[in-house]
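Enquirer: One structure follows; several queries about it will come next.
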Amino acid sequence: MISNRYKAVLLASFALQRLVSGAEVHGAGAEGTVMGPVAFLWPDDRTWDASQDNTAPCGSSAGVTNRTEFPLDQGSVALTIADDAWNIEFHIAFGNNPTSESDFSEQVVSNISSVQPGHQCYKLEALPDSLTAGTNATIQLEYWSSYDDGKNETFYACADVTFVEASAFDAQVPCFNVTASDFDSGSSSPSSASSTGTASSTGTAAPGNSSSSASSSLSSADKAGIAIGSVLGGLSLLGAAVFFWLYRKRAAAKAQAASAAAVTPKEVEEAASVRSH
């Protein structure tokens, strides 16, 4: 069966990912350390801040530190999901550094009612025709989830981008749809992987390639062989992307901790003395 072949490839890939990332699959082990319940896998988001992730519009005390090149057409956003979440929305603000919730007035993915732990990818709706290459923008992720005290809260995250012509965009986007329950239950097959991000549909996760038709000239085995090649290539990119994403997040968190620890008691005393005069 196609689903079994998909499962074999996917399980092998995630087993490898467990070895390189310390058994942190789907971002579950990263929740509360380098990310909230949900985070951008692509494009790269701003540094996570536990004290700010419920604060609009971007859930982070960090400003714009880096920008990801993003295609003017057929762009997608990929999420790593550590916990159940609801009412997921994506908005965009055009400009160099949006700071107000009102700046994010344009919705770019239809409302998503809920997501489960795993990875999901969504295609952006058509952007304004007036948009040109070189324009800076920020994509906002807003969603509900429960964390720490168990109460539902609104969370935010932002990813800063610079638009480029689709013909000049050659990045391999880790666009992939799978939930943790796909592996736990053994009853459903994960959706297909895409290395370009073009396989996902607006507002919904990318559909799988496991359906068959009686009128098709390809047998199930033929389709499985074709699909497995695509999935394997996409998963290799996904595993590398997740590993380096977690590495960057941890490095940023350690840098912040080191910076805070570098402030000596003498410096604090001197600063207090200056403020008192």
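Chain identifiers are assigned as A, B, and so on, following the order in which chains appear in the structure tokens; residues are numbered from 1 within each chain, and ligands are numbered from 1 in order of appearance.
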Give me, as a PDB file with C-alpha atoms, in the first residue's frame, all polymer residues having an atom no more than 7 Å from range 101-106 of chain A, counting only C-alpha atoms and skipping those fewer than 2 positions away in the same chain.
Expert:
ATOM      1  CA  ALA A  56       1.085  41.877  19.854  1.00  0.00           C
ATOM      2  CA  PRO A  57       2.124  42.255  17.176  1.00  0.00           C
ATOM      3  CA  HIS A  91      -1.253  38.666   8.290  1.00  0.00           C
ATOM      4  CA  ILE A  92       1.321  40.806   6.549  1.00  0.00           C
ATOM      5  CA  ALA A  93       2.579  44.357   7.015  1.00  0.00           C
ATOM      6  CA  PRO A  98       5.923  47.500  11.724  1.00  0.00           C
ATOM      7  CA  THR A  99       5.304  47.974  15.435  1.00  0.00           C
ATOM      8  CA  VAL A 108      -2.592  36.264   3.506  1.00  0.00           C
TER       9      VAL A 108
END
Enquirer: Can you tell me which residues surround range 65-77 of chain A at a distance of at most 7 Å, considering only C-alpha atoms, apart from same-chain residues fewer than 4 positions away, and format the answer as a tab-separated table (two decimals) with C-alpha atoms, in the first residue's frame?
Expert:
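Saved the output as out_2.tsv:
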chain	number	residue	atom	x	y	z
A	42	TRP	CA	10.18	29.03	7.32
A	43	PRO	CA	10.72	31.91	6.85
A	44	ASP	CA	12.95	32.40	9.87
A	121	CYS	CA	2.79	24.32	5.28
A	122	TYR	CA	0.41	26.89	3.80
A	123	LYS	CA	0.41	28.77	0.53
A	124	LEU	CA	-0.04	32.54	0.65
A	160	ASP	CA	10.75	39.44	8.36
A	161	VAL	CA	11.14	39.08	4.60
A	162	THR	CA	12.32	40.86	1.48
A	163	PHE	CA	10.42	40.09	-1.71
A	164	VAL	CA	12.23	38.86	-4.79
A	165	GLU	CA	11.03	37.89	-8.26
A	166	ALA	CA	9.83	34.29	-8.37
A	169	PHE	CA	14.00	32.63	-5.93
A	197	GLY	CA	6.53	25.14	-1.02
A	198	THR	CA	4.24	25.08	-4.06
Enquirer: Would you work out the distance separating CA of Asp182 in chain A from CA of Asp45 in chain A, expressed in Å to one decimal?
Expert: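 These atoms are spaced 26.6 Å apart.
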Enquirer: Can you tell me how far CA of Val38 in chain A sits from CA of Gly63 in chain A, in Å to one decimal?
Expert: 19.3 Å
Enquirer: What does the distance from CA of Ser114 in chain A to CA of Met35 in chain A come to in Å, to one decimal?
Expert: 18.4 Å
Enquirer: Apply DSSP to the backbone of this structure and, from range 46-88 of chain A, keep only the residues in strand (DSSP E); write these as number ranges by chain.
Expert: A: 68-71, 76-81, 85-88
Enquirer: For C-alpha atoms, I'd like the residues from the last selection saved as an mmCIF file, in the first residue's frame.
Expert:
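again27.cif was written with the following content:
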data_model
loop_
_atom_site.group_PDB
_atom_site.id
_atom_site.type_symbol
_atom_site.label_atom_id
_atom_site.label_comp_id
_atom_site.auth_asym_id
_atom_site.auth_seq_id
_atom_site.Cartn_x
_atom_site.Cartn_y
_atom_site.Cartn_z
ATOM 1 C CA THR A 68 14.516 36.040 4.416
ATOM 2 C CA GLU A 69 14.147 36.358 0.658
ATOM 3 C CA PHE A 70 10.536 35.571 -0.225
ATOM 4 C CA PRO A 71 8.996 35.080 -3.699
ATOM 5 C CA SER A 76 4.459 29.553 1.371
ATOM 6 C CA VAL A 77 4.899 29.599 5.129
ATOM 7 C CA ALA A 78 5.913 26.496 7.096
ATOM 8 C CA LEU A 79 5.172 25.898 10.776
ATOM 9 C CA THR A 80 6.661 23.667 13.437
ATOM 10 C CA ILE A 81 3.935 22.851 15.970
ATOM 11 C CA ALA A 85 -3.474 25.440 18.602
ATOM 12 C CA TRP A 86 -6.626 27.090 17.266
ATOM 13 C CA ASN A 87 -7.744 30.061 15.192
ATOM 14 C CA ILE A 88 -4.469 30.354 13.323
#
Enquirer: Taking only C-alpha atoms into account, name the residue in A:Ala171, A:Ala82, A:Ala137, A:Ala62 that is nearest to Gln120 in chain A.
Expert: A:Ala82
Enquirer: Determine, counting only C-alpha atoms, which protein, DNA and RNA residues have an atom within 8 Å of an atom of Trp48 in chain A; residues of the same chain fewer than 6 positions away are not included. Present the result as a ChimeraX atom specification.
Expert: /A:34-36,59-60,157,249
Enquirer: Using N, CA and C atoms, can you write the selected residues to a file as an mmCIF file, in the first residue's frame?
Expert:
data_model
loop_
_atom_site.group_PDB
_atom_site.id
_atom_site.type_symbol
_atom_site.label_atom_id
_atom_site.label_comp_id
_atom_site.auth_asym_id
_atom_site.auth_seq_id
_atom_site.Cartn_x
_atom_site.Cartn_y
_atom_site.Cartn_z
ATOM 1 N N VAL A 34 12.909 27.453 23.251
ATOM 2 C CA VAL A 34 13.271 28.299 22.111
ATOM 3 C C VAL A 34 12.064 28.681 21.271
ATOM 4 N N MET A 35 10.877 28.222 21.665
ATOM 5 C CA MET A 35 9.667 28.546 20.918
ATOM 6 C C MET A 35 8.453 28.388 21.816
ATOM 7 N N GLY A 36 7.340 28.981 21.390
ATOM 8 C CA GLY A 36 6.073 28.771 22.057
ATOM 9 C C GLY A 36 5.399 27.529 21.497
ATOM 10 N N GLY A 59 5.200 39.180 19.409
ATOM 11 C CA GLY A 59 5.542 38.205 20.429
ATOM 12 C C GLY A 59 7.014 38.074 20.738
ATOM 13 N N SER A 60 7.765 39.149 20.551
ATOM 14 C CA SER A 60 9.210 39.107 20.783
ATOM 15 C C SER A 60 9.711 40.501 21.107
ATOM 16 N N ALA A 157 3.931 35.595 16.598
ATOM 17 C CA ALA A 157 5.309 35.438 16.111
ATOM 18 C C ALA A 157 5.396 36.175 14.785
ATOM 19 N N LYS A 249 18.029 28.792 17.196
ATOM 20 C CA LYS A 249 17.209 29.257 18.311
ATOM 21 C C LYS A 249 17.955 29.104 19.632
#
Enquirer: Residues within 8 Å of Ser145 in chain A, please, as a list in words. Count only C-alpha atoms; anything in the same chain fewer than 5 positions from it doesn't count.
Expert: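 Once the adjacent positions are removed, what remains is Pro37, Asp83, Asp84, Ala85, Trp86, Lys151, Asn152, Glu153, Thr154 and Phe155 of chain A.
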